[in-house]
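Structure, as structure tokens:
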Amino acid sequence: MCNCDNTYIPIPMKVEKIVIDNPDRSLRTYDLSFVNEEDENKFKYMPGQFCEFSILGKGESPFGIASSPTEEGLKFTVSRTGSVTNEIHYLEEGDIVGIRGPMGNWYPLEKLKGQDVVIVGGGFAFTTLRSMIVYMLENRDDYGKITVIYGARHPDLFIYKEELKIWDKRDDIILHLTVDKPVKGWDKLCGFVPAITKDVKPDPTSWCIVCGPPIMIKFTLPVLLEIGFAHDKIYTSLERRMKCGIGKCGRCGIGSKYVCIDGPVFSYEELKKIPDAF
Amino acid sequence: MVKIKKTELNEFIEFLMKDYDVYSPADVGKKAAFKKIKSAFEIKHAITNTHLSPKDVFFPQSEVLFQYSDDGLKVPKREEKAIAVWGMRNCDTSSLLMLNKVFGDAHQMPDKDMYKDPYWKMKYDNCLIFNQACNEPLSTCFCNWFEGNPFAKKGADIFVVDTGDHFILEGISDKGKTFLSKYKAGEETTKVDLNKIAKLKETAESYLPDVVDIKPLFNKMNKIWDEPIWEEISAKCINCGACTFVCPTCHCFDVSDEGKGKKGQRIRLWDSCMFQIFTREASGHNPRGLSTQRVRQRIMHKYNYFMDNYEQYLCTGCGRCVQVCPVNLDIREVIKKVLDYKLSKNEEI
Amino acid sequence: MQQLVKKVKEIIKNKEVDVVIGWGRGSLPFSATPIFVETEKDVEKLIFDETCRNNLTTYLTKDKRRISKEYKKIGIIVKGCDSRSVVLYTVENQIKRENVVLIGVPCNGVFEKKKLSQLVEGKEILDFQIDVDNIIIKGRNFEQTHPLKDALCDPCLTCQYPDAPEYDYFIGTPRKDVNVPDAYKMINDFGEKSAEERWAYIQEEYSKCIRCYACRNICPSCYCPECFVDQNDPQWIGKTPEVTDSIIFHLIRNLHVAGRCVDCGACVSACPVDLDLRIMSKKVEKEIKERFDYTAGTDINEKPAMASYCENEKQDFIMG
Ligand SMILES: Cc1cc2nc3c(=O)[nH]c(=O)nc-3n(C[C@H](O)[C@H](O)[C@H](O)COP(=O)(O)OP(=O)(O)OC[C@H]3O[C@@H](n4cnc5c(N)ncnc54)[C@H](O)[C@@H]3O)c2cc1C
Ligand code: SF4
Ligand code: SF4
Ligand code: SF4
Ligand code: SF4
Ligand code: SF4
Ligand code: SF4
Ligand code: FES
């Protein structure tokens, strides 16, 4: 008999808090706590990793971990798009859910030590970027200048609004928030993320992490390359349909890589070599 | 070596059954497939390649991962006995070695244990493989392209040759040797038997096709990703998936929950990269929405990606996909086409 | 044969079509393979004989609708049942009839590889020869002679439309006066059995299904952009190969192709586990025939017996 861990078995977690992130209620953020202490001790993760979120009877879906390992429990932000995410939106505080993970690789935090970091995000894909920012702010002395460019279609569609306000006030992190089109009462930037990135013109000797909808990544990358970022200093997180999360079911393959184990975080240098990455 | 009269095979199988659950080629409907047998009389001998591959024994088409109810999660346990498979051909034996790299070894991962598949391991570890020589290779067999051979012993625990009236059994692995040494009822093999085996081997090999050197395939594949050749190859494919379902090396699966209310089970099911919904995301975006992209995935996975990850091709030359494809998309012809293809960009190979 | 090549050359040369979908020699005995002929040179590869099993019209729809996008005018070589599929596509507004050029060929029936294999007890067939009403099947160490009709597809044995009912050009001599034995004999015989026997048979047959969906994917009449089995919200049916799930899958598929199945037998040939799919499809066909006096794909001006289900997805009839 095999005595290795059974990675297919989810661990139980309790829904502690649910925050509805936007007025049309399509985005909700869940704070989960571990039910068993031993699960908690075993669960070691880094910003950029993801979990499979289980709703028994409906199935599983992968979500990036939005909390930072410096925090208690786990945080996920879920956009309602299909059958599993629908069911997740019906959850109430106190419910027990299943989590498998952590899975995949993480942002290159070791390499980023002592370096300036630029974070470019769009829409609700900001989840693991939040994890990253919180982690860096918690270990603030390890990193250089932190610049964040974050765009959403509408001011309502930013997630973690309370935290954004707090970060905006801090002077050890520079925040550029932008919306696609002018909106009454919005006094920050206006324009698409690629254009704003061009205007902000971050220092090309820094490292850059881009995360957002495919279309945003597609148009932001050329801007970064034009500014002069090195190919191996640009990182992004890919999304593919997933099931097992451990490199077996074959679904998330891109070229000879599997997004679930070789990613989701890839450098631009790596992605260039994978034929169907974008 | 142990020599067993065919008429006394049942005694051997009964001896085997003391320690093992025995699987063998048998009739399943109108087709031959591997299934658990209760006696030697169920064994279907006169078949070279079963229609469905033996991967089902270790990686069943549908498998319960766990059951859930108010009492929590329960992982189904296997009976105590290990699995023995009688009548495997070498192409199938090799396919298990490949699948074990994916499910059992997870050799490319740093933190290995998390990536080992317990459901595979509880069946595959401790199994006993009887690899039977193919006296009559089929016209679709092309194992010799992949360093295989109808009389190859690689991956076998016990190697079996059908010499007409007898089966001659040879222990290959330690496990196989130990098992055979416990069986006392067999006869001694003679020089005549060995000559017979050599003769059978010669005849069997004469049935195989000319060897095609497939070493250059990997590099060639690296260069043709964008080439129009894929349109040509895939034009007639109707993406039915039959080729991947019968393939002994294909291992993609889906995970699905079944049940009502608080009681049910999570199962995994074979799936195929040939299907459009395989990669379709909730947003509707589909990285492999076109048939051409899916055919390319299958061929590239077999002759390039897998090599990248595991240093070998993901194909044993068993020819099942060739037999089953309803539009006669013959993977041997695809290989030849790719090898012969002149790159449009005039690149050096 | 020569006539066929000549005609196709002609319509390719005078640009009447951009491509002709036909059959070429396959890589296995008894196999023909679909080919897409664009040049006069490739026309020589065309064949037509008993091995030309596939219903090539399936390429006009589904994922393969791409073909209709790539080429303006498509020529297809059609047997009787294939031609009926084109009629079906036309009345169901899936294609414009004027965009396809049908080259009808008289069909004497096509081989069913599975029946052949059974004739010789599963031994591998390497070659064959037709001798009037017999077929001589050859393998490594055997040669057997069987009546030709034992090697043909079941639908061919009762086919009433061996000459394409709809065509632009017809090559060869129409068979016209086909004498068809009772097409529903098999269904009637089955109906004679007791309910238990029938249920046991259905259970046994459909328990073999491995849910690969080859039957659906090859079927010309199954062209929904998203099949009900692939929908997960709501999920109509279980995806396991459990017999109950499989029976439900096949029942619904049969209802979807009710009055639309042209009995081409492509599904039967494609199934890797030899399921008796016709026991359901032919039964449905019989019901439709008796209730509505309707036979799919025989009249291009007739409205279909049952409206196409694919147009209005998530039909309530599944529940009702
Ligand atoms: C690494 C990673 C991180 C992600 N992080 C987040 C996040 O933080 N927040 C968020 O809202 N969404 C995230 N997603 C996307 C999210 O997984 C899908 O939106 C979700 O799976 C849709 O599931 P569904 O059952 O509701 O949709 P359905 O369309 O009903 O999908 C059925 C099944 O298909 C699979 N699937 C469908 N779409 C996707 C997809 N885009 N990615 C992966 N599997 C998919 C799932 O297994 C799902 O159960 C992430 C995806 C990946 C791969
Ligand atoms: S491919 Fe080779 S090993 Fe497999 S059945 Fe044929 S001859 Fe035997
Ligand atoms: S790809 Fe075809 S020949 Fe190769 S192992 Fe799979 S079924 Fe056999
Ligand atoms: S990706 Fe395709 S070819 Fe590769 S194992 Fe999966 S089904 Fe087989
Ligand atoms: S069996 Fe043939 S038609 Fe079906 S998916 Fe495979 S290659 Fe395509
Ligand atoms: S159900 Fe079968 S016989 Fe009927 S049209 Fe479809 S493939 Fe042909
Ligand atoms: S082709 Fe055969 S095995 Fe595959 S789904 Fe259809 S009936 Fe089932
Ligand atoms: S999700 Fe299964 S291989 Fe990546």
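Chain labels A, B, ... are given in the sequence in which chains occur in the structure tokens; within each chain residues are numbered consecutively from 1, and ligands are likewise numbered from 1 in the order shown.
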Within 9 Å of segment 291-293 of chain B, counting only C-alpha atoms, which residues show up once you throw out same-chain ones fewer than 2 positions away? Write them as an MDAnalysis selection string, please.
(chainID B and resid 230:235 237:239 274:276 287:289 295:298) or (chainID C and resid 63:64)
Hey, which residues come within 6 Å of ligand 4 if we count only C-alpha atoms and all ligand atoms? Could you give them as a PyMOL selection string?
(chain A and resi 250) or (chain B and resi 244+250-252+272-273+298+301-302)
Contacts from chain C to chain B, 7 Å maximum, only C-alpha atoms: show me the residue list as a ChimeraX atom specification.
/C:26,33-34,63,124,212-214,217-218,240,270,272-274
Write out, as a short mmCIF file (atom, residue, chain, number, x, y, z; two decimals), in the first residue's frame, the residues just selected, with all heavy atoms.
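Below you can see again.cif, which holds the result:
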data_model
loop_
_atom_site.label_atom_id
_atom_site.label_comp_id
_atom_site.auth_asym_id
_atom_site.auth_seq_id
_atom_site.Cartn_x
_atom_site.Cartn_y
_atom_site.Cartn_z
N GLY C 26 -7.47 3.61 -48.13
CA GLY C 26 -6.99 3.74 -46.76
C GLY C 26 -5.74 2.92 -46.52
O GLY C 26 -5.25 2.24 -47.44
N THR C 33 -10.36 6.20 -46.93
CA THR C 33 -10.16 7.33 -46.03
C THR C 33 -10.63 8.60 -46.71
O THR C 33 -10.50 8.73 -47.93
CB THR C 33 -8.67 7.40 -45.60
OG1 THR C 33 -8.54 8.33 -44.55
CG2 THR C 33 -7.76 7.79 -46.75
N PRO C 34 -11.23 9.50 -45.94
CA PRO C 34 -11.72 10.74 -46.55
C PRO C 34 -10.56 11.55 -47.12
O PRO C 34 -9.52 11.67 -46.47
CB PRO C 34 -12.35 11.50 -45.37
CG PRO C 34 -12.63 10.45 -44.34
CD PRO C 34 -11.56 9.43 -44.51
N ASP C 63 -17.54 21.22 -35.75
CA ASP C 63 -16.25 21.89 -35.80
C ASP C 63 -15.84 22.08 -37.25
O ASP C 63 -15.15 23.01 -37.61
CB ASP C 63 -15.23 21.00 -35.09
CG ASP C 63 -14.07 21.80 -34.56
OD1 ASP C 63 -13.09 21.97 -35.30
OD2 ASP C 63 -14.17 22.24 -33.41
N GLU C 124 -7.05 -11.69 -38.07
CA GLU C 124 -6.74 -10.46 -38.80
C GLU C 124 -6.90 -10.65 -40.31
O GLU C 124 -6.37 -11.60 -40.88
CB GLU C 124 -5.32 -9.98 -38.49
CG GLU C 124 -5.15 -8.56 -38.97
CD GLU C 124 -3.74 -8.01 -38.77
OE1 GLU C 124 -2.79 -8.81 -38.74
OE2 GLU C 124 -3.62 -6.78 -38.67
N CYS C 212 -17.04 7.40 -25.14
CA CYS C 212 -16.02 8.13 -25.88
C CYS C 212 -16.66 9.13 -26.82
O CYS C 212 -16.02 10.04 -27.32
CB CYS C 212 -15.14 7.17 -26.66
SG CYS C 212 -15.99 6.35 -28.01
N TYR C 213 -17.93 8.96 -27.10
CA TYR C 213 -18.71 9.86 -27.95
C TYR C 213 -18.31 9.82 -29.43
O TYR C 213 -18.63 10.74 -30.17
CB TYR C 213 -18.66 11.30 -27.43
CG TYR C 213 -19.07 11.41 -25.98
CD1 TYR C 213 -18.25 12.01 -25.05
CD2 TYR C 213 -20.28 10.87 -25.55
CE1 TYR C 213 -18.61 12.08 -23.72
CE2 TYR C 213 -20.65 10.94 -24.23
CZ TYR C 213 -19.80 11.55 -23.30
OH TYR C 213 -20.16 11.62 -21.99
N ALA C 214 -17.63 8.76 -29.83
CA ALA C 214 -17.29 8.63 -31.24
C ALA C 214 -18.57 8.58 -32.07
O ALA C 214 -18.65 9.15 -33.16
CB ALA C 214 -16.46 7.38 -31.48
N ASN C 217 -19.82 12.09 -32.44
CA ASN C 217 -18.96 12.97 -33.23
C ASN C 217 -18.94 12.62 -34.72
O ASN C 217 -18.71 13.48 -35.54
CB ASN C 217 -17.53 12.96 -32.66
CG ASN C 217 -17.46 13.73 -31.36
OD1 ASN C 217 -18.48 14.14 -30.83
ND2 ASN C 217 -16.28 13.92 -30.85
N ILE C 218 -19.17 11.36 -35.02
CA ILE C 218 -19.14 11.01 -36.44
C ILE C 218 -20.51 11.22 -37.08
O ILE C 218 -20.63 11.31 -38.28
CB ILE C 218 -18.66 9.55 -36.66
CG1 ILE C 218 -18.21 9.39 -38.12
CG2 ILE C 218 -19.75 8.54 -36.34
CD1 ILE C 218 -16.91 8.72 -38.29
N THR C 240 -20.40 9.02 -16.11
CA THR C 240 -19.71 7.76 -15.90
C THR C 240 -20.15 6.73 -16.94
O THR C 240 -21.18 6.87 -17.58
CB THR C 240 -20.07 7.16 -14.53
OG1 THR C 240 -21.44 6.77 -14.56
CG2 THR C 240 -19.84 8.14 -13.42
N ALA C 270 -18.26 3.44 -36.08
CA ALA C 270 -17.26 4.19 -35.32
C ALA C 270 -17.09 3.67 -33.90
O ALA C 270 -16.04 3.84 -33.29
CB ALA C 270 -17.62 5.67 -35.29
N PRO C 272 -16.00 1.99 -30.84
CA PRO C 272 -14.87 1.08 -30.63
C PRO C 272 -15.24 -0.20 -29.86
O PRO C 272 -14.42 -1.10 -29.78
CB PRO C 272 -13.86 1.93 -29.86
CG PRO C 272 -14.66 2.99 -29.21
CD PRO C 272 -15.85 3.23 -30.10
N VAL C 273 -16.42 -0.23 -29.26
CA VAL C 273 -16.78 -1.44 -28.52
C VAL C 273 -17.97 -2.19 -29.14
O VAL C 273 -18.58 -3.04 -28.50
CB VAL C 273 -17.06 -1.16 -27.02
CG1 VAL C 273 -15.82 -0.65 -26.33
CG2 VAL C 273 -18.20 -0.17 -26.86
N ASP C 274 -18.28 -1.87 -30.39
CA ASP C 274 -19.33 -2.60 -31.12
C ASP C 274 -20.69 -2.62 -30.45
O ASP C 274 -21.32 -3.67 -30.37
CB ASP C 274 -18.92 -4.08 -31.29
CG ASP C 274 -17.89 -4.25 -32.37
OD1 ASP C 274 -17.29 -3.23 -32.74
OD2 ASP C 274 -17.70 -5.39 -32.82
#
Please identify all protein, DNA and RNA residues within 7 Å of ligand 8, counting only C-alpha atoms and all ligand atoms, and report them as a PyMOL selection string.
chain A and resi 242-253+258-261
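Looking only at segment 59-189 of chain C, the set that DSSP places in strand (DSSP E or B) from backbone geometry is Ile74, Gly75, Ile76, Ile77, Val78, Val100, Val101, Leu102, Ile103, Gly104, Phe111, Asp127, Phe128, Gln129, Ile130, Asp131, Asn134, Ile135, Ile136, Ile137, Lys138, Glu143, Gln144, Thr145, His146, Pro147, Leu152, Tyr169 and Phe170 of chain C.
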Write out, as a tab-separated table (two decimals), in the first residue's frame, the residues just selected, with N, CA and C atoms.
chain	number	residue	atom	x	y	z
C	74	ILE	N	-18.35	23.55	-52.34
C	74	ILE	CA	-17.80	22.26	-51.95
C	74	ILE	C	-18.48	21.14	-52.72
C	75	GLY	N	-17.69	20.31	-53.34
C	75	GLY	CA	-18.24	19.14	-54.00
C	75	GLY	C	-18.14	17.95	-53.04
C	76	ILE	N	-19.14	17.10	-53.01
C	76	ILE	CA	-19.07	15.90	-52.17
C	76	ILE	C	-19.58	14.71	-52.96
C	77	ILE	N	-18.87	13.62	-52.82
C	77	ILE	CA	-19.35	12.40	-53.45
C	77	ILE	C	-20.28	11.71	-52.45
C	78	VAL	N	-21.48	11.41	-52.91
C	78	VAL	CA	-22.48	10.91	-51.97
C	78	VAL	C	-23.12	9.59	-52.40
C	100	VAL	N	-23.20	23.54	-52.28
C	100	VAL	CA	-22.60	22.21	-52.41
C	100	VAL	C	-22.98	21.59	-53.75
C	101	VAL	N	-22.03	20.88	-54.29
C	101	VAL	CA	-22.28	20.18	-55.54
C	101	VAL	C	-22.22	18.69	-55.22
C	102	LEU	N	-23.35	18.03	-55.41
C	102	LEU	CA	-23.41	16.62	-55.04
C	102	LEU	C	-23.15	15.73	-56.24
C	103	ILE	N	-22.21	14.82	-56.05
C	103	ILE	CA	-21.91	13.87	-57.10
C	103	ILE	C	-22.40	12.51	-56.61
C	104	GLY	N	-23.55	12.11	-57.09
C	104	GLY	CA	-24.16	10.87	-56.61
C	104	GLY	C	-23.50	9.65	-57.23
C	111	PHE	N	-18.96	-2.20	-46.72
C	111	PHE	CA	-18.56	-3.21	-45.73
C	111	PHE	C	-18.67	-2.69	-44.31
C	127	ASP	N	-6.44	-9.16	-46.75
C	127	ASP	CA	-6.81	-8.88	-48.14
C	127	ASP	C	-8.20	-9.45	-48.42
C	128	PHE	N	-8.82	-8.99	-49.51
C	128	PHE	CA	-10.12	-9.56	-49.87
C	128	PHE	C	-10.31	-9.45	-51.39
C	129	GLN	N	-11.29	-10.16	-51.85
C	129	GLN	CA	-11.60	-10.15	-53.26
C	129	GLN	C	-13.09	-10.38	-53.38
C	130	ILE	N	-13.74	-9.67	-54.31
C	130	ILE	CA	-15.17	-9.90	-54.48
C	130	ILE	C	-15.39	-10.76	-55.72
C	131	ASP	N	-16.22	-11.78	-55.53
C	131	ASP	CA	-16.50	-12.69	-56.63
C	131	ASP	C	-18.01	-12.79	-56.76
C	134	ASN	N	-20.11	-13.29	-53.67
C	134	ASN	CA	-19.31	-13.78	-52.55
C	134	ASN	C	-18.11	-12.88	-52.29
C	135	ILE	N	-17.62	-13.01	-51.09
C	135	ILE	CA	-16.38	-12.31	-50.77
C	135	ILE	C	-15.37	-13.33	-50.27
C	136	ILE	N	-14.16	-13.23	-50.81
C	136	ILE	CA	-13.09	-14.13	-50.37
C	136	ILE	C	-12.20	-13.33	-49.44
C	137	ILE	N	-12.13	-13.76	-48.21
C	137	ILE	CA	-11.37	-13.03	-47.20
C	137	ILE	C	-10.07	-13.76	-46.93
C	138	LYS	N	-8.96	-13.00	-46.99
C	138	LYS	CA	-7.67	-13.66	-46.81
C	138	LYS	C	-6.92	-13.10	-45.61
C	143	GLU	N	-7.98	-18.55	-45.82
C	143	GLU	CA	-8.74	-17.95	-46.90
C	143	GLU	C	-10.15	-18.49	-46.78
C	144	GLN	N	-11.13	-17.61	-46.68
C	144	GLN	CA	-12.51	-18.08	-46.50
C	144	GLN	C	-13.42	-17.37	-47.47
C	145	THR	N	-14.45	-18.07	-47.89
C	145	THR	CA	-15.43	-17.45	-48.78
C	145	THR	C	-16.76	-17.32	-48.03
C	146	HIS	N	-17.35	-16.16	-48.12
C	146	HIS	CA	-18.62	-15.92	-47.47
C	146	HIS	C	-19.54	-15.17	-48.42
C	147	PRO	N	-20.85	-15.28	-48.19
C	147	PRO	CA	-21.76	-14.48	-49.00
C	147	PRO	C	-21.47	-13.00	-48.79
C	152	LEU	N	-21.77	-6.84	-45.39
C	152	LEU	CA	-22.22	-5.46	-45.55
C	152	LEU	C	-22.83	-4.90	-44.26
C	169	TYR	N	-24.89	15.73	-60.09
C	169	TYR	CA	-24.43	14.83	-61.15
C	169	TYR	C	-24.59	13.42	-60.64
C	170	PHE	N	-24.93	12.52	-61.50
C	170	PHE	CA	-25.00	11.13	-61.08
C	170	PHE	C	-24.05	10.32	-61.95
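Selection of all polymer residues within 7 Å of ligand 2 on the basis of only C-alpha atoms and all ligand atoms gives B:Thr48, B:Asn49, B:Arg89, B:Asn90, B:Cys91, B:Asp92, B:Ala133, B:Cys134, B:Pro137, B:Leu138, B:Cys141, B:Phe142, B:Cys143, B:Asn144, B:Gly148, B:Asn149, B:Pro150, B:Gly317, B:Cys318, B:Gly319.
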Just all heavy atoms for this one: save the residues we selected as a tab-separated table (two decimals), in the first residue's frame.
chain	number	residue	atom	x	y	z
B	48	THR	N	-3.84	-11.22	-30.27
B	48	THR	CA	-2.55	-10.58	-30.07
B	48	THR	C	-2.73	-9.30	-29.28
B	48	THR	O	-2.14	-9.12	-28.22
B	48	THR	CB	-1.86	-10.29	-31.41
B	48	THR	OG1	-1.75	-11.51	-32.12
B	48	THR	CG2	-0.48	-9.72	-31.19
B	49	ASN	N	-3.56	-8.43	-29.79
B	49	ASN	CA	-3.75	-7.16	-29.11
B	49	ASN	C	-5.21	-7.00	-28.72
B	49	ASN	O	-6.07	-6.97	-29.59
B	49	ASN	CB	-3.36	-6.02	-30.05
B	49	ASN	CG	-2.23	-5.23	-29.49
B	49	ASN	OD1	-2.17	-5.04	-28.29
B	49	ASN	ND2	-1.36	-4.76	-30.34
B	89	ARG	N	1.07	-7.94	-23.68
B	89	ARG	CA	2.06	-7.90	-24.75
B	89	ARG	C	3.09	-6.85	-24.38
B	89	ARG	O	2.81	-5.94	-23.60
B	89	ARG	CB	1.38	-7.54	-26.07
B	89	ARG	CG	0.24	-8.47	-26.40
B	89	ARG	CD	0.75	-9.87	-26.68
B	89	ARG	NE	-0.35	-10.83	-26.69
B	89	ARG	CZ	-0.23	-12.05	-27.19
B	89	ARG	NH1	0.93	-12.46	-27.69
B	89	ARG	NH2	-1.24	-12.88	-27.16
B	90	ASN	N	4.26	-6.94	-24.99
B	90	ASN	CA	5.31	-6.03	-24.55
B	90	ASN	C	4.97	-4.56	-24.78
B	90	ASN	O	5.36	-3.70	-24.01
B	90	ASN	CB	6.65	-6.35	-25.19
B	90	ASN	CG	7.77	-5.66	-24.44
B	90	ASN	OD1	8.34	-4.71	-24.92
B	90	ASN	ND2	8.01	-6.08	-23.20
B	91	CYS	N	4.19	-4.28	-25.83
B	91	CYS	CA	3.83	-2.87	-26.04
B	91	CYS	C	3.02	-2.37	-24.85
B	91	CYS	O	3.17	-1.22	-24.42
B	91	CYS	CB	3.08	-2.70	-27.35
B	91	CYS	SG	1.72	-3.84	-27.60
B	92	ASP	N	2.16	-3.23	-24.31
B	92	ASP	CA	1.35	-2.81	-23.17
B	92	ASP	C	2.18	-2.73	-21.89
B	92	ASP	O	2.01	-1.84	-21.07
B	92	ASP	CB	0.17	-3.76	-22.99
B	92	ASP	CG	-0.85	-3.59	-24.09
B	92	ASP	OD1	-0.84	-2.51	-24.73
B	92	ASP	OD2	-1.63	-4.52	-24.33
B	133	ALA	N	4.99	-13.30	-25.20
B	133	ALA	CA	5.56	-13.04	-26.53
B	133	ALA	C	4.45	-13.09	-27.57
B	133	ALA	O	3.49	-13.84	-27.43
B	133	ALA	CB	6.61	-14.07	-26.85
B	134	CYS	N	4.59	-12.26	-28.63
B	134	CYS	CA	3.58	-12.25	-29.69
B	134	CYS	C	4.06	-13.12	-30.83
B	134	CYS	O	4.95	-12.72	-31.57
B	134	CYS	CB	3.36	-10.85	-30.22
B	134	CYS	SG	3.33	-9.60	-28.95
B	137	PRO	N	2.29	-11.12	-34.62
B	137	PRO	CA	2.03	-9.67	-34.62
B	137	PRO	C	1.00	-9.30	-35.69
B	137	PRO	O	0.92	-9.99	-36.70
B	137	PRO	CB	3.39	-9.06	-34.95
B	137	PRO	CG	4.39	-10.08	-34.56
B	137	PRO	CD	3.72	-11.40	-34.79
B	138	LEU	N	0.25	-8.26	-35.43
B	138	LEU	CA	-0.76	-7.83	-36.39
B	138	LEU	C	-0.12	-6.91	-37.44
B	138	LEU	O	1.00	-6.42	-37.24
B	138	LEU	CB	-1.87	-7.06	-35.67
B	138	LEU	CG	-2.59	-7.79	-34.55
B	138	LEU	CD1	-3.60	-6.87	-33.88
B	138	LEU	CD2	-3.29	-9.04	-35.09
B	141	CYS	N	0.88	-3.60	-36.00
B	141	CYS	CA	1.90	-3.50	-34.95
B	141	CYS	C	3.12	-2.77	-35.49
B	141	CYS	O	3.59	-3.08	-36.58
B	141	CYS	CB	2.34	-4.90	-34.52
B	141	CYS	SG	1.09	-5.82	-33.61
B	142	PHE	N	3.64	-1.82	-34.72
B	142	PHE	CA	4.90	-1.19	-35.14
B	142	PHE	C	5.77	-0.88	-33.93
B	142	PHE	O	6.44	0.15	-33.86
B	142	PHE	CB	4.66	0.04	-36.02
B	142	PHE	CG	3.86	1.17	-35.42
B	142	PHE	CD1	4.45	2.41	-35.21
B	142	PHE	CD2	2.53	1.02	-35.09
B	142	PHE	CE1	3.73	3.47	-34.67
B	142	PHE	CE2	1.80	2.07	-34.55
B	142	PHE	CZ	2.40	3.29	-34.34
B	143	CYS	N	5.74	-1.82	-32.97
B	143	CYS	CA	6.54	-1.65	-31.76
B	143	CYS	C	8.02	-1.54	-32.08
B	143	CYS	O	8.78	-0.92	-31.34
B	143	CYS	CB	6.31	-2.80	-30.80
B	143	CYS	SG	6.56	-4.43	-31.52
B	144	ASN	N	8.43	-2.12	-33.21
B	144	ASN	CA	9.86	-2.10	-33.53
B	144	ASN	C	10.36	-0.69	-33.86
B	144	ASN	O	11.54	-0.43	-33.86
B	144	ASN	CB	10.19	-3.08	-34.66
B	144	ASN	CG	9.36	-2.87	-35.91
B	144	ASN	OD1	8.29	-2.27	-35.85
B	144	ASN	ND2	9.84	-3.35	-37.03
B	148	GLY	N	10.79	-1.57	-29.39
B	148	GLY	CA	10.04	-2.70	-28.86
B	148	GLY	C	10.25	-3.91	-29.78
B	148	GLY	O	10.89	-3.82	-30.81
B	149	ASN	N	9.68	-5.01	-29.35
B	149	ASN	CA	9.85	-6.24	-30.11
B	149	ASN	C	8.81	-7.22	-29.60
B	149	ASN	O	8.49	-7.22	-28.42
B	149	ASN	CB	11.27	-6.77	-29.85
B	149	ASN	CG	11.56	-8.03	-30.63
B	149	ASN	OD1	11.09	-9.11	-30.29
B	149	ASN	ND2	12.34	-7.88	-31.69
B	150	PRO	N	8.25	-8.06	-30.49
B	150	PRO	CA	7.24	-9.02	-30.02
B	150	PRO	C	7.77	-9.97	-28.94
B	150	PRO	O	6.99	-10.51	-28.16
B	150	PRO	CB	6.84	-9.78	-31.28
B	150	PRO	CG	7.78	-9.37	-32.36
B	150	PRO	CD	8.39	-8.08	-31.96
B	317	GLY	N	3.62	1.89	-30.14
B	317	GLY	CA	3.45	1.24	-31.44
B	317	GLY	C	2.49	0.08	-31.42
B	317	GLY	O	2.60	-0.84	-32.24
B	318	CYS	N	1.52	0.10	-30.51
B	318	CYS	CA	0.59	-1.03	-30.40
B	318	CYS	C	-0.41	-1.06	-31.55
B	318	CYS	O	-1.03	-2.09	-31.80
B	318	CYS	CB	-0.15	-0.99	-29.07
B	318	CYS	SG	-1.43	0.27	-29.01
B	319	GLY	N	-0.59	0.08	-32.21
B	319	GLY	CA	-1.46	0.11	-33.38
B	319	GLY	C	-2.95	0.16	-33.10
B	319	GLY	O	-3.75	0.12	-34.03
Residues of chain A within 12 Å of chain C, only C-alpha atoms counted, as a VMD selection string
chain A and resid 57 to 59 81 to 87
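Each of A:Thr7, A:Thr205, A:Thr178, A:Thr128 was compared to chain B using only C-alpha atoms, and A:Thr7 turns out to be the nearest.
Residue neighbourhood of Gly297 of chain C, excluding near-sequence residues (fewer than 4 positions): Cys81, Ser83, Arg84, Ser85, Val86, Val87, Leu88, Tyr89, Val91, Pro165, Gly259, Arg260, Cys261, Val262, Glu302 and Pro304 of chain C, at 9 Å, using only C-alpha atoms.
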Which neighbours of segment 218-221 of chain A fall inside 9 Å, counting only C-alpha atoms, when residues of the same chain fewer than 5 positions from it are skipped, and could you give them as a PyMOL selection string?
chain A and resi 120+193-195+197-198+210+213+226+234+268+278
Do you know which residues are at most 9 Å from segment 185-195 of chain B counting only C-alpha atoms, after dropping those on the same chain fewer than 3 positions away, and could you put them as a ChimeraX atom specification?
/B:1-5,11-12,163,168,198-200
Using only C-alpha atoms and all ligand atoms, tabulate the residues of chain C lying at most 7 Å from any atom of ligand 6, each with its closest atom pair and that distance in Å to one decimal, by chain and increasing residue number, as a Markdown table.
| residue | atom | partner | partner_atom_place_in_ligand_line | distance |
| --- | --- | --- | --- | --- |
| C:Cys215 | CA | ligand 6 | 7 (S) | 6.4 |
| C:Ile218 | CA | ligand 6 | 7 (S) | 6.1 |
| C:Cys219 | CA | ligand 6 | 7 (S) | 3.6 |
| C:Pro220 | CA | ligand 6 | 6 (Fe) | 5.6 |
| C:Ser221 | CA | ligand 6 | 5 (S) | 5.3 |
| C:Cys222 | CA | ligand 6 | 6 (Fe) | 6.6 |
| C:Val257 | CA | ligand 6 | 1 (S) | 6.4 |
| C:Arg260 | CA | ligand 6 | 5 (S) | 6.9 |
| C:Cys261 | CA | ligand 6 | 4 (Fe) | 3.8 |
| C:Val262 | CA | ligand 6 | 5 (S) | 4.5 |
| C:Asp263 | CA | ligand 6 | 3 (S) | 3.7 |
| C:Cys264 | CA | ligand 6 | 8 (Fe) | 3.9 |
| C:Gly265 | CA | ligand 6 | 3 (S) | 3.8 |
| C:Ala266 | CA | ligand 6 | 7 (S) | 4.2 |
| C:Cys267 | CA | ligand 6 | 7 (S) | 4.0 |
| C:Val268 | CA | ligand 6 | 2 (Fe) | 6.4 |
| C:Ser281 | CA | ligand 6 | 1 (S) | 6.3 |
